[in-house]
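final.pdb, holding PDB, C-alpha atoms and all ligand atoms:
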ATOM      1  CA  MET A   1     -21.278  18.742-114.637  1.00  0.00           C
ATOM      2  CA  ARG A   2     -21.921  15.366-116.231  1.00  0.00           C
ATOM      3  CA  LEU A   3     -24.884  14.041-114.311  1.00  0.00           C
ATOM      4  CA  TYR A   4     -27.584  11.725-115.699  1.00  0.00           C
ATOM      5  CA  ILE A   5     -30.792  10.412-114.140  1.00  0.00           C
ATOM      6  CA  GLY A   6     -32.266   6.961-114.756  1.00  0.00           C
ATOM      7  CA  LEU A   7     -35.870   6.210-113.829  1.00  0.00           C
ATOM      8  CA  VAL A   8     -35.942   2.426-113.540  1.00  0.00           C
ATOM      9  CA  HIS A   9     -39.138   0.504-114.405  1.00  0.00           C
ATOM     10  CA  PHE A  10     -37.425  -2.902-114.445  1.00  0.00           C
ATOM     11  CA  PRO A  11     -36.291  -4.601-112.298  1.00  0.00           C
ATOM     12  CA  VAL A  12     -38.337  -3.122-109.463  1.00  0.00           C
ATOM     13  CA  TYR A  13     -40.424  -4.649-106.676  1.00  0.00           C
ATOM     14  CA  ASN A  14     -44.168  -4.846-106.360  1.00  0.00           C
ATOM     15  CA  LYS A  15     -46.016  -4.804-103.046  1.00  0.00           C
ATOM     16  CA  ASN A  16     -45.259  -8.521-102.510  1.00  0.00           C
ATOM     17  CA  GLU A  17     -41.532  -8.034-103.129  1.00  0.00           C
ATOM     18  CA  GLN A  18     -41.775  -9.761-106.490  1.00  0.00           C
ATOM     19  CA  ARG A  19     -39.680  -8.520-109.368  1.00  0.00           C
ATOM     20  CA  ILE A  20     -41.810  -6.700-111.930  1.00  0.00           C
ATOM     21  CA  ALA A  21     -41.717  -4.192-114.776  1.00  0.00           C
ATOM     22  CA  SER A  22     -43.817  -1.176-113.766  1.00  0.00           C
ATOM     23  CA  ALA A  23     -45.850   1.021-116.089  1.00  0.00           C
ATOM     24  CA  VAL A  24     -44.585   4.481-117.007  1.00  0.00           C
ATOM     25  CA  THR A  25     -46.423   7.239-115.115  1.00  0.00           C
ATOM     26  CA  PRO A  26     -46.791  10.345-117.320  1.00  0.00           C
ATOM     27  CA  VAL A  27     -46.472  12.789-114.406  1.00  0.00           C
ATOM     28  CA  ASP A  28     -43.037  11.296-113.632  1.00  0.00           C
ATOM     29  CA  LEU A  29     -41.870  12.343-117.098  1.00  0.00           C
ATOM     30  CA  HIS A  30     -43.164  15.894-116.786  1.00  0.00           C
ATOM     31  CA  ASP A  31     -41.946  16.509-113.256  1.00  0.00           C
ATOM     32  CA  LEU A  32     -38.618  14.687-113.430  1.00  0.00           C
ATOM     33  CA  ALA A  33     -37.804  16.404-116.726  1.00  0.00           C
ATOM     34  CA  ARG A  34     -38.376  19.830-115.140  1.00  0.00           C
ATOM     35  CA  ILE A  35     -36.358  18.845-112.094  1.00  0.00           C
ATOM     36  CA  ALA A  36     -33.567  17.552-114.338  1.00  0.00           C
ATOM     37  CA  ARG A  37     -33.547  20.765-116.391  1.00  0.00           C
ATOM     38  CA  THR A  38     -33.530  22.911-113.257  1.00  0.00           C
ATOM     39  CA  TYR A  39     -30.461  21.141-111.861  1.00  0.00           C
ATOM     40  CA  GLY A  40     -28.435  20.851-115.069  1.00  0.00           C
ATOM     41  CA  VAL A  41     -28.878  17.102-115.598  1.00  0.00           C
ATOM     42  CA  ARG A  42     -27.758  15.998-119.068  1.00  0.00           C
ATOM     43  CA  LYS A  43     -30.429  13.351-119.749  1.00  0.00           C
ATOM     44  CA  LEU A  44     -33.354  11.685-118.044  1.00  0.00           C
ATOM     45  CA  LEU A  45     -33.275   8.042-119.107  1.00  0.00           C
ATOM     46  CA  VAL A  46     -36.613   6.266-118.807  1.00  0.00           C
ATOM     47  CA  ILE A  47     -35.538   2.651-118.417  1.00  0.00           C
ATOM     48  CA  THR A  48     -38.046   0.000-119.462  1.00  0.00           C
ATOM     49  CA  PRO A  49     -37.854  -3.105-121.627  1.00  0.00           C
ATOM     50  CA  LEU A  50     -41.557  -2.858-122.562  1.00  0.00           C
ATOM     51  CA  LYS A  51     -41.964  -1.725-126.154  1.00  0.00           C
ATOM     52  CA  ASP A  52     -45.492  -0.402-125.654  1.00  0.00           C
ATOM     53  CA  GLN A  53     -44.126   1.815-122.887  1.00  0.00           C
ATOM     54  CA  HIS A  54     -41.448   3.128-125.255  1.00  0.00           C
ATOM     55  CA  GLY A  55     -44.297   4.109-127.571  1.00  0.00           C
ATOM     56  CA  LEU A  56     -46.121   5.867-124.743  1.00  0.00           C
ATOM     57  CA  VAL A  57     -43.033   7.852-123.729  1.00  0.00           C
ATOM     58  CA  ASP A  58     -42.344   8.806-127.351  1.00  0.00           C
ATOM     59  CA  ARG A  59     -45.944   9.935-127.876  1.00  0.00           C
ATOM     60  CA  ILE A  60     -45.952  12.137-124.790  1.00  0.00           C
ATOM     61  CA  CYS A  61     -42.542  13.613-125.569  1.00  0.00           C
ATOM     62  CA  ASP A  62     -43.346  14.201-129.250  1.00  0.00           C
ATOM     63  CA  HIS A  63     -46.458  16.147-128.296  1.00  0.00           C
ATOM     64  CA  TRP A  64     -44.415  18.542-126.158  1.00  0.00           C
ATOM     65  CA  LYS A  65     -41.410  18.677-128.477  1.00  0.00           C
ATOM     66  CA  PHE A  66     -43.080  18.927-131.880  1.00  0.00           C
ATOM     67  CA  GLY A  67     -46.870  19.083-131.492  1.00  0.00           C
ATOM     68  CA  PHE A  68     -49.187  21.775-130.187  1.00  0.00           C
ATOM     69  CA  GLY A  69     -47.430  21.558-126.805  1.00  0.00           C
ATOM     70  CA  ALA A  70     -44.165  22.923-128.210  1.00  0.00           C
ATOM     71  CA  SER A  71     -45.585  26.385-128.834  1.00  0.00           C
ATOM     72  CA  TYR A  72     -48.124  26.223-125.998  1.00  0.00           C
ATOM     73  CA  ASN A  73     -45.467  25.652-123.326  1.00  0.00           C
ATOM     74  CA  PRO A  74     -41.854  26.216-124.445  1.00  0.00           C
ATOM     75  CA  GLN A  75     -40.475  25.679-120.912  1.00  0.00           C
ATOM     76  CA  ARG A  76     -41.962  22.206-120.831  1.00  0.00           C
ATOM     77  CA  LYS A  77     -40.554  21.535-124.309  1.00  0.00           C
ATOM     78  CA  GLU A  78     -37.080  22.497-123.072  1.00  0.00           C
ATOM     79  CA  ALA A  79     -37.388  20.075-120.155  1.00  0.00           C
ATOM     80  CA  ILE A  80     -38.957  17.207-122.102  1.00  0.00           C
ATOM     81  CA  GLU A  81     -36.094  17.397-124.613  1.00  0.00           C
ATOM     82  CA  LEU A  82     -33.929  15.779-121.911  1.00  0.00           C
ATOM     83  CA  VAL A  83     -36.051  12.603-121.881  1.00  0.00           C
ATOM     84  CA  SER A  84     -34.718   9.532-123.610  1.00  0.00           C
ATOM     85  CA  VAL A  85     -35.757   5.866-123.480  1.00  0.00           C
ATOM     86  CA  ALA A  86     -33.407   2.993-122.650  1.00  0.00           C
ATOM     87  CA  SER A  87     -34.342  -0.698-122.838  1.00  0.00           C
ATOM     88  CA  SER A  88     -32.287  -1.693-119.811  1.00  0.00           C
ATOM     89  CA  LEU A  89     -29.848  -0.291-117.299  1.00  0.00           C
ATOM     90  CA  GLU A  90     -26.991  -1.720-119.384  1.00  0.00           C
ATOM     91  CA  ASP A  91     -28.379   0.023-122.463  1.00  0.00           C
ATOM     92  CA  GLY A  92     -28.503   3.311-120.542  1.00  0.00           C
ATOM     93  CA  VAL A  93     -24.927   2.905-119.333  1.00  0.00           C
ATOM     94  CA  GLU A  94     -23.776   2.139-122.885  1.00  0.00           C
ATOM     95  CA  ARG A  95     -25.479   5.258-124.243  1.00  0.00           C
ATOM     96  CA  ILE A  96     -23.811   7.428-121.658  1.00  0.00           C
ATOM     97  CA  HIS A  97     -20.482   5.772-122.444  1.00  0.00           C
ATOM     98  CA  ALA A  98     -21.024   6.511-126.144  1.00  0.00           C
ATOM     99  CA  THR A  99     -21.659  10.193-125.352  1.00  0.00           C
ATOM    100  CA  GLU A 100     -19.084  10.804-122.627  1.00  0.00           C
ATOM    101  CA  GLY A 101     -16.349   8.328-123.563  1.00  0.00           C
ATOM    102  CA  VAL A 102     -16.346   6.830-120.059  1.00  0.00           C
ATOM    103  CA  THR A 103     -18.537   4.461-118.097  1.00  0.00           C
ATOM    104  CA  PRO A 104     -20.690   6.371-115.596  1.00  0.00           C
ATOM    105  CA  PHE A 105     -20.463   5.837-111.849  1.00  0.00           C
ATOM    106  CA  VAL A 106     -23.855   4.286-111.084  1.00  0.00           C
ATOM    107  CA  LEU A 107     -25.364   5.713-107.912  1.00  0.00           C
ATOM    108  CA  ALA A 108     -28.663   4.150-106.816  1.00  0.00           C
ATOM    109  CA  THR A 109     -31.167   5.650-104.383  1.00  0.00           C
ATOM    110  CA  ASP A 110     -33.352   3.914-101.829  1.00  0.00           C
ATOM    111  CA  ALA A 111     -35.367   4.834 -98.756  1.00  0.00           C
ATOM    112  CA  ARG A 112     -33.533   2.151 -96.723  1.00  0.00           C
ATOM    113  CA  LYS A 113     -29.927   2.526 -95.689  1.00  0.00           C
ATOM    114  CA  GLN A 114     -27.715  -0.076 -97.382  1.00  0.00           C
ATOM    115  CA  ASN A 115     -24.871  -1.217 -95.178  1.00  0.00           C
ATOM    116  CA  ASP A 116     -22.012  -2.148 -97.421  1.00  0.00           C
ATOM    117  CA  ASN A 117     -21.968   0.379-100.257  1.00  0.00           C
ATOM    118  CA  THR A 118     -23.523   3.582 -98.970  1.00  0.00           C
ATOM    119  CA  LEU A 119     -22.216   6.917-100.246  1.00  0.00           C
ATOM    120  CA  SER A 120     -22.836  10.057 -98.202  1.00  0.00           C
ATOM    121  CA  PHE A 121     -24.322  13.225 -99.647  1.00  0.00           C
ATOM    122  CA  PRO A 122     -21.085  15.215 -99.234  1.00  0.00           C
ATOM    123  CA  ASP A 123     -19.029  12.512-100.981  1.00  0.00           C
ATOM    124  CA  ALA A 124     -21.528  12.212-103.822  1.00  0.00           C
ATOM    125  CA  ARG A 125     -21.652  16.011-104.154  1.00  0.00           C
ATOM    126  CA  ALA A 126     -17.863  16.173-104.319  1.00  0.00           C
ATOM    127  CA  MET A 127     -17.769  13.478-106.998  1.00  0.00           C
ATOM    128  CA  ILE A 128     -20.257  15.350-109.176  1.00  0.00           C
ATOM    129  CA  ARG A 129     -18.385  18.623-108.694  1.00  0.00           C
ATOM    130  CA  GLN A 130     -15.160  16.891-109.760  1.00  0.00           C
ATOM    131  CA  ASP A 131     -16.937  16.312-113.087  1.00  0.00           C
ATOM    132  CA  ARG A 132     -17.202  12.545-112.734  1.00  0.00           C
ATOM    133  CA  VAL A 133     -19.833  11.086-115.036  1.00  0.00           C
ATOM    134  CA  VAL A 134     -22.600   9.917-112.708  1.00  0.00           C
ATOM    135  CA  LEU A 135     -25.843   8.054-113.405  1.00  0.00           C
ATOM    136  CA  LEU A 136     -28.256   8.596-110.507  1.00  0.00           C
ATOM    137  CA  LEU A 137     -30.921   5.871-110.379  1.00  0.00           C
ATOM    138  CA  PHE A 138     -34.419   6.183-109.007  1.00  0.00           C
ATOM    139  CA  GLY A 139     -36.956   3.395-108.582  1.00  0.00           C
ATOM    140  CA  THR A 140     -40.648   3.119-109.411  1.00  0.00           C
ATOM    141  CA  ALA A 141     -43.355   0.882-107.896  1.00  0.00           C
ATOM    142  CA  TRP A 142     -41.973  -0.382-104.533  1.00  0.00           C
ATOM    143  CA  GLY A 143     -38.381   0.495-105.348  1.00  0.00           C
ATOM    144  CA  LEU A 144     -35.238  -0.818-106.992  1.00  0.00           C
ATOM    145  CA  ASP A 145     -34.548  -4.547-107.038  1.00  0.00           C
ATOM    146  CA  GLN A 146     -31.628  -5.695-104.844  1.00  0.00           C
ATOM    147  CA  GLU A 147     -29.830  -6.721-108.015  1.00  0.00           C
ATOM    148  CA  VAL A 148     -29.728  -3.053-109.059  1.00  0.00           C
ATOM    149  CA  LEU A 149     -28.779  -1.824-105.581  1.00  0.00           C
ATOM    150  CA  GLN A 150     -25.967  -4.358-105.235  1.00  0.00           C
ATOM    151  CA  GLY A 151     -24.833  -4.016-108.845  1.00  0.00           C
ATOM    152  CA  SER A 152     -24.504  -0.223-108.580  1.00  0.00           C
ATOM    153  CA  ASN A 153     -21.189   1.370-107.670  1.00  0.00           C
ATOM    154  CA  ALA A 154     -22.837   2.805-104.550  1.00  0.00           C
ATOM    155  CA  VAL A 155     -26.193   3.584-102.971  1.00  0.00           C
ATOM    156  CA  LEU A 156     -26.750   7.146-101.815  1.00  0.00           C
ATOM    157  CA  GLU A 157     -27.623   7.551 -98.150  1.00  0.00           C
ATOM    158  CA  PRO A 158     -31.402   7.927 -97.801  1.00  0.00           C
ATOM    159  CA  VAL A 159     -33.247  11.183 -97.270  1.00  0.00           C
ATOM    160  CA  MET A 160     -34.565  10.936 -93.723  1.00  0.00           C
ATOM    161  CA  GLY A 161     -37.828  12.531 -92.729  1.00  0.00           C
ATOM    162  CA  ALA A 162     -38.713  13.920 -89.348  1.00  0.00           C
ATOM    163  CA  ASP A 163     -39.941  10.812 -87.531  1.00  0.00           C
ATOM    164  CA  GLY A 164     -38.891   7.639 -89.292  1.00  0.00           C
ATOM    165  CA  TYR A 165     -41.404   7.709 -92.174  1.00  0.00           C
ATOM    166  CA  ASN A 166     -39.303   8.397 -95.250  1.00  0.00           C
ATOM    167  CA  HIS A 167     -41.189   6.900 -98.221  1.00  0.00           C
ATOM    168  CA  LEU A 168     -41.147   9.812-100.622  1.00  0.00           C
ATOM    169  CA  PRO A 169     -42.745   9.947-104.046  1.00  0.00           C
ATOM    170  CA  VAL A 170     -39.998   9.552-106.598  1.00  0.00           C
ATOM    171  CA  ARG A 171     -40.436  13.097-107.896  1.00  0.00           C
ATOM    172  CA  ALA A 172     -40.005  14.615-104.436  1.00  0.00           C
ATOM    173  CA  ALA A 173     -37.042  12.355-103.672  1.00  0.00           C
ATOM    174  CA  ALA A 174     -35.381  13.433-106.921  1.00  0.00           C
ATOM    175  CA  ALA A 175     -35.888  17.136-106.208  1.00  0.00           C
ATOM    176  CA  ILE A 176     -34.526  16.896-102.665  1.00  0.00           C
ATOM    177  CA  ILE A 177     -31.569  14.752-103.689  1.00  0.00           C
ATOM    178  CA  LEU A 178     -30.612  16.946-106.650  1.00  0.00           C
ATOM    179  CA  ASP A 179     -30.825  20.051-104.541  1.00  0.00           C
ATOM    180  CA  ARG A 180     -28.434  18.488-102.023  1.00  0.00           C
ATOM    181  CA  LEU A 181     -26.079  17.170-104.692  1.00  0.00           C
ATOM    182  CA  VAL A 182     -25.906  20.071-107.114  1.00  0.00           C
ATOM    183  CA  GLY A 183     -28.067  22.914-105.874  1.00  0.00           C
ATOM    184  CA  THR A 184     -26.666  26.237-104.810  1.00  0.00           C
ATOM    185  CA  LYS A 185     -25.410  25.646-101.318  1.00  0.00           C
ATOM    186  CA  THR A 186     -28.147  25.788 -98.747  1.00  0.00           C
ATOM    187  CA  ASP A 187     -27.796  25.621 -94.992  1.00  0.00           C
ATOM    188  CA  ILE A 188     -28.539  21.893 -94.988  1.00  0.00           C
ATOM    189  CA  VAL A 189     -25.777  21.212 -97.512  1.00  0.00           C
ATOM    190  CA  ARG A 190     -23.296  23.387 -95.609  1.00  0.00           C
ATOM    191  CA  GLU A 191     -24.141  21.395 -92.514  1.00  0.00           C
ATOM    192  CA  LEU A 192     -23.812  18.039 -94.319  1.00  0.00           C
ATOM    193  CA  SER A 193     -20.459  19.098 -95.777  1.00  0.00           C
ATOM    194  CA  GLY A 194     -19.180  19.918 -92.322  1.00  0.00           C
TER     195      GLY A 194
HETATM  196  N1  LIG B   1     -45.135   4.848-106.649  1.00  0.00           N
HETATM  197  C1  LIG B   1     -44.247   5.765-106.053  1.00  0.00           C
HETATM  198  C2  LIG B   1     -44.386   7.189-106.582  1.00  0.00           C
HETATM  199  O1  LIG B   1     -45.430   7.515-107.107  1.00  0.00           O
HETATM  200  O2  LIG B   1     -43.453   7.966-106.495  1.00  0.00           O
HETATM  201  C3  LIG B   1     -42.876   5.307-106.324  1.00  0.00           C
HETATM  202  C4  LIG B   1     -42.206   4.983-105.061  1.00  0.00           C
HETATM  203  S1  LIG B   1     -40.543   4.551-105.464  1.00  0.00           S
HETATM  204  C5  LIG B   1     -40.250   3.276-104.309  1.00  0.00           C
HETATM  205  C6  LIG B   1     -39.735   5.961-104.877  1.00  0.00           C
HETATM  206  C7  LIG B   1     -38.288   6.050-105.287  1.00  0.00           C
HETATM  207  O3  LIG B   1     -37.897   7.333-104.865  1.00  0.00           O
HETATM  208  C8  LIG B   1     -37.351   5.052-104.622  1.00  0.00           C
HETATM  209  O4  LIG B   1     -37.135   3.880-105.375  1.00  0.00           O
HETATM  210  C9  LIG B   1     -36.087   5.883-104.500  1.00  0.00           C
HETATM  211  O5  LIG B   1     -35.430   5.928-105.740  1.00  0.00           O
HETATM  212  C10 LIG B   1     -36.640   7.253-104.201  1.00  0.00           C
HETATM  213  N2  LIG B   1     -36.892   7.481-102.759  1.00  0.00           N
HETATM  214  C11 LIG B   1     -38.058   7.486-102.088  1.00  0.00           C
HETATM  215  N3  LIG B   1     -37.867   7.792-100.792  1.00  0.00           N
HETATM  216  C12 LIG B   1     -36.540   7.983-100.640  1.00  0.00           C
HETATM  217  C13 LIG B   1     -35.710   8.343 -99.529  1.00  0.00           C
HETATM  218  N4  LIG B   1     -36.229   8.547 -98.322  1.00  0.00           N
HETATM  219  N5  LIG B   1     -34.382   8.456 -99.734  1.00  0.00           N
HETATM  220  C14 LIG B   1     -33.855   8.261-100.971  1.00  0.00           C
HETATM  221  N6  LIG B   1     -34.588   7.937-102.065  1.00  0.00           N
HETATM  222  C15 LIG B   1     -35.912   7.799-101.891  1.00  0.00           C
END

Could I get this file's structure written as structure tokens?
Amino acid sequence: MRLYIGLVHFPVYNKNEQRIASAVTPVDLHDLARIARTYGVRKLLVITPLKDQHGLVDRICDHWKFGFGASYNPQRKEAIELVSVASSLEDGVERIHATEGVTPFVLATDARKQNDNTLSFPDARAMIRQDRVVLLLFGTAWGLDQEVLQGSNAVLEPVMGADGYNHLPVRAAAAIILDRLVGTKTDIVRELSG
């Protein structure tokens, strides 16, 4: 499986639908890294153009990879080793290309259904199982800018809740989505696959 995750901090929306660069949230790194490791993701790319945020990510990761944290919690070390910083989405795509020899299929996620380029869970699952190189993008702040959603190869169908409210924290969205896309088949996936 050649699946990558990108956590996008720019361009994303703020509350007023303005394009911003969001700040890195340390718990996202810890939790998404563990989720990535659990589901066999090759790298978690933290995408931000802000140099001070690169420093923050490096400091956190170095603590768990090489500092006291490495011996204190080896499982966290193993997960945090998947984290890597990219300056932009293009930079992330280029890095994956350099590693895999092909350009990844960029699959964005969003709580709203996009009309023109939506990919279903079963189709996305099949693509990943066919060993396509896939970069799965998640947003921060108020979500991915339209430029990212429209510039991606597809947008995954949203996770729907029980009654129309479906604004999940990014860490929960990632865990649910990865379980549907690559997890050992559960009843819900069997049902989605038909
Ligand atoms: N500040 C929030 C937090 O602490 O998690 C970030 C919200 S951010 C908009 C959540 C991201 O998770 C979205 O950009 C999207 O990538 C994903 N997400 C959230 N709800 C989703 C849903 N129902 N279906 C698919 N993806 C979803």

Please list as a PyMOL selection string every residue within 12 Å of range 27-39 of chain A, counting only C-alpha atoms and excluding residues in the same chain fewer than 6 positions away. chain A and resi 1-9+45-47+56-61+63-64+73-85+136+138-141+169-184

Test item: residues at most 10 Å from range 112-118 of chain A, only C-alpha atoms, excluding those fewer than 4 positions along its chain, as a VMD selection string: chain A and resid 107 to 108 149 to 150 152 to 160 166 to 167

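Closest approach to ligand LIG 1 (chain B) from the set A:Ala111, A:Ala124, A:Ala21, A:Val134 is made by A:Ala111, with distances taken over all atoms listed in the file.
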
So what do you get for CA of Lys65 in chain A versus CA of Pro49 in chain A, distance-wise?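 Calculated distance between CA of Lys65 in chain A and CA of Pro49 in chain A is 23.1 Å.
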
Proximity to ligand LIG 1 (chain B) - best of A:Ala70, A:Leu119, A:Val24, A:Leu137, all atoms listed in the file: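 Using all atoms listed in the file, ligand LIG 1 (chain B) sits closest to A:Leu137.
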
Which residues fall under the PyMOL selection byres (((chain A and resi 145) around 8) and not hetatm) in this file, as a PyMOL selection string? chain A and resi 11-13+19+143-144+146-149

Go ahead and write the residues just picked, C-alpha atoms, as a PDB file, keeping the file's coordinate frame.
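To be explicit, this is the file written out as result-v9.pdb:
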ATOM      1  CA  PRO A  11     -36.291  -4.601-112.298  1.00  0.00           C
ATOM      2  CA  VAL A  12     -38.337  -3.122-109.463  1.00  0.00           C
ATOM      3  CA  TYR A  13     -40.424  -4.649-106.676  1.00  0.00           C
ATOM      4  CA  ARG A  19     -39.680  -8.520-109.368  1.00  0.00           C
ATOM      5  CA  GLY A 143     -38.381   0.495-105.348  1.00  0.00           C
ATOM      6  CA  LEU A 144     -35.238  -0.818-106.992  1.00  0.00           C
ATOM      7  CA  GLN A 146     -31.628  -5.695-104.844  1.00  0.00           C
ATOM      8  CA  GLU A 147     -29.830  -6.721-108.015  1.00  0.00           C
ATOM      9  CA  VAL A 148     -29.728  -3.053-109.059  1.00  0.00           C
ATOM     10  CA  LEU A 149     -28.779  -1.824-105.581  1.00  0.00           C
TER      11      LEU A 149
END

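Between CA of Ala98 in chain A and CA of Phe66 in chain A lies a distance of 26.0 Å.
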
Could you tell me which of A:Arg132, A:His97, A:Gly40, A:Phe121 comes closest to ligand LIG 1 (chain B) if we count all atoms listed in the file?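 Among A:Arg132, A:His97, A:Gly40, A:Phe121, it is A:Phe121 that comes nearest to ligand LIG 1 (chain B).
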
For CA of Leu135 in chain A and CA of Thr25 in chain A, the interatomic separation in Å (one decimal):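 A separation of 20.7 Å between them.
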
Give me the box for ligand LIG 1 (chain B) as AutoDock Vina command-line options, namely the centre and edge lengths in Å to one decimal of a box along x, y and z that holds every listed atom plus 4 Å on each side.
--center_x -39.6 --center_y 5.9 --center_z -102.7 --size_x 19.6 --size_y 13.3 --size_z 16.8

Given all atoms listed in the file as the counted atoms, nearest of A:Lys51, A:Lys43, A:Arg95, A:Lys15 to ligand LIG 1 (chain B):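 Checking each candidate against ligand LIG 1 (chain B), we get A:Lys15 as the closest.
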
A:Val106, A:Phe68, A:Asn14, A:Glu100: which is nearest Gly151 in chain A, counting all atoms listed in the file?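 Between A:Val106, A:Phe68, A:Asn14, A:Glu100, the residue approaching Gly151 in chain A most closely is A:Val106.
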
Check the smallest atom-to-atom distance from each of A:Asp110, A:Glu17, A:Asp62, A:Asp163 to ligand LIG 1 (chain B) using all atoms listed in the file, then report the winner.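 Checking each of A:Asp110, A:Glu17, A:Asp62, A:Asp163 against ligand LIG 1 (chain B), counting all atoms listed in the file, the winner is A:Asp110.
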
Complete the atom set of range 107-123 of chain A to N, CA, C and O atoms and return it as an mmCIF file, keeping the file's coordinate frame.
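Produced file part39.cif, reproduced below:
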data_model
loop_
_atom_site.group_PDB
_atom_site.id
_atom_site.type_symbol
_atom_site.label_atom_id
_atom_site.label_comp_id
_atom_site.auth_asym_id
_atom_site.auth_seq_id
_atom_site.Cartn_x
_atom_site.Cartn_y
_atom_site.Cartn_z
ATOM 1 N N LEU A 107 -25.011 5.387 -109.293
ATOM 2 C CA LEU A 107 -25.364 5.713 -107.912
ATOM 3 C C LEU A 107 -26.870 5.519 -107.732
ATOM 4 O O LEU A 107 -27.675 6.294 -108.262
ATOM 5 N N ALA A 108 -27.243 4.451 -107.012
ATOM 6 C CA ALA A 108 -28.663 4.150 -106.816
ATOM 7 C C ALA A 108 -29.210 4.916 -105.608
ATOM 8 O O ALA A 108 -28.440 5.386 -104.761
ATOM 9 N N THR A 109 -30.523 5.024 -105.541
ATOM 10 C CA THR A 109 -31.167 5.650 -104.383
ATOM 11 C C THR A 109 -32.194 4.695 -103.798
ATOM 12 O O THR A 109 -32.789 3.888 -104.521
ATOM 13 N N ASP A 110 -32.402 4.795 -102.503
ATOM 14 C CA ASP A 110 -33.352 3.914 -101.829
ATOM 15 C C ASP A 110 -33.725 4.549 -100.492
ATOM 16 O O ASP A 110 -32.913 5.266 -99.896
ATOM 17 N N ALA A 111 -34.932 4.268 -100.035
ATOM 18 C CA ALA A 111 -35.367 4.834 -98.756
ATOM 19 C C ALA A 111 -34.699 4.139 -97.573
ATOM 20 O O ALA A 111 -34.620 4.689 -96.478
ATOM 21 N N ARG A 112 -34.216 2.872 -97.810
ATOM 22 C CA ARG A 112 -33.533 2.151 -96.723
ATOM 23 C C ARG A 112 -32.036 2.351 -96.824
ATOM 24 O O ARG A 112 -31.487 2.441 -97.921
ATOM 25 N N LYS A 113 -31.385 2.396 -95.685
ATOM 26 C CA LYS A 113 -29.927 2.526 -95.689
ATOM 27 C C LYS A 113 -29.318 1.170 -96.047
ATOM 28 O O LYS A 113 -29.661 0.152 -95.461
ATOM 29 N N GLN A 114 -28.433 1.154 -97.027
ATOM 30 C CA GLN A 114 -27.715 -0.076 -97.382
ATOM 31 C C GLN A 114 -26.423 -0.069 -96.573
ATOM 32 O O GLN A 114 -25.806 0.971 -96.389
ATOM 33 N N ASN A 115 -26.011 -1.216 -96.092
ATOM 34 C CA ASN A 115 -24.871 -1.217 -95.178
ATOM 35 C C ASN A 115 -23.511 -1.191 -95.852
ATOM 36 O O ASN A 115 -22.623 -0.483 -95.432
ATOM 37 N N ASP A 116 -23.374 -1.965 -96.914
ATOM 38 C CA ASP A 116 -22.012 -2.148 -97.421
ATOM 39 C C ASP A 116 -21.551 -1.104 -98.423
ATOM 40 O O ASP A 116 -20.364 -0.812 -98.488
ATOM 41 N N ASN A 117 -22.444 -0.529 -99.199
ATOM 42 C CA ASN A 117 -21.968 0.379 -100.257
ATOM 43 C C ASN A 117 -22.685 1.734 -100.256
ATOM 44 O O ASN A 117 -23.083 2.248 -101.284
ATOM 45 N N THR A 118 -22.849 2.282 -99.082
ATOM 46 C CA THR A 118 -23.523 3.582 -98.970
ATOM 47 C C THR A 118 -22.546 4.731 -99.245
ATOM 48 O O THR A 118 -21.404 4.709 -98.779
ATOM 49 N N LEU A 119 -23.012 5.706 -100.005
ATOM 50 C CA LEU A 119 -22.216 6.917 -100.246
ATOM 51 C C LEU A 119 -22.945 8.088 -99.589
ATOM 52 O O LEU A 119 -24.163 8.226 -99.730
ATOM 53 N N SER A 120 -22.210 8.925 -98.900
ATOM 54 C CA SER A 120 -22.836 10.057 -98.202
ATOM 55 C C SER A 120 -23.148 11.181 -99.201
ATOM 56 O O SER A 120 -22.558 11.247 -100.285
ATOM 57 N N PHE A 121 -24.017 12.063 -98.798
ATOM 58 C CA PHE A 121 -24.322 13.225 -99.647
ATOM 59 C C PHE A 121 -23.078 14.070 -99.935
ATOM 60 O O PHE A 121 -22.835 14.423 -101.087
ATOM 61 N N PRO A 122 -22.268 14.389 -98.923
ATOM 62 C CA PRO A 122 -21.085 15.215 -99.234
ATOM 63 C C PRO A 122 -20.135 14.537 -100.212
ATOM 64 O O PRO A 122 -19.594 15.181 -101.115
ATOM 65 N N ASP A 123 -19.942 13.210 -100.067
ATOM 66 C CA ASP A 123 -19.029 12.512 -100.981
ATOM 67 C C ASP A 123 -19.599 12.466 -102.404
ATOM 68 O O ASP A 123 -18.862 12.623 -103.387
#
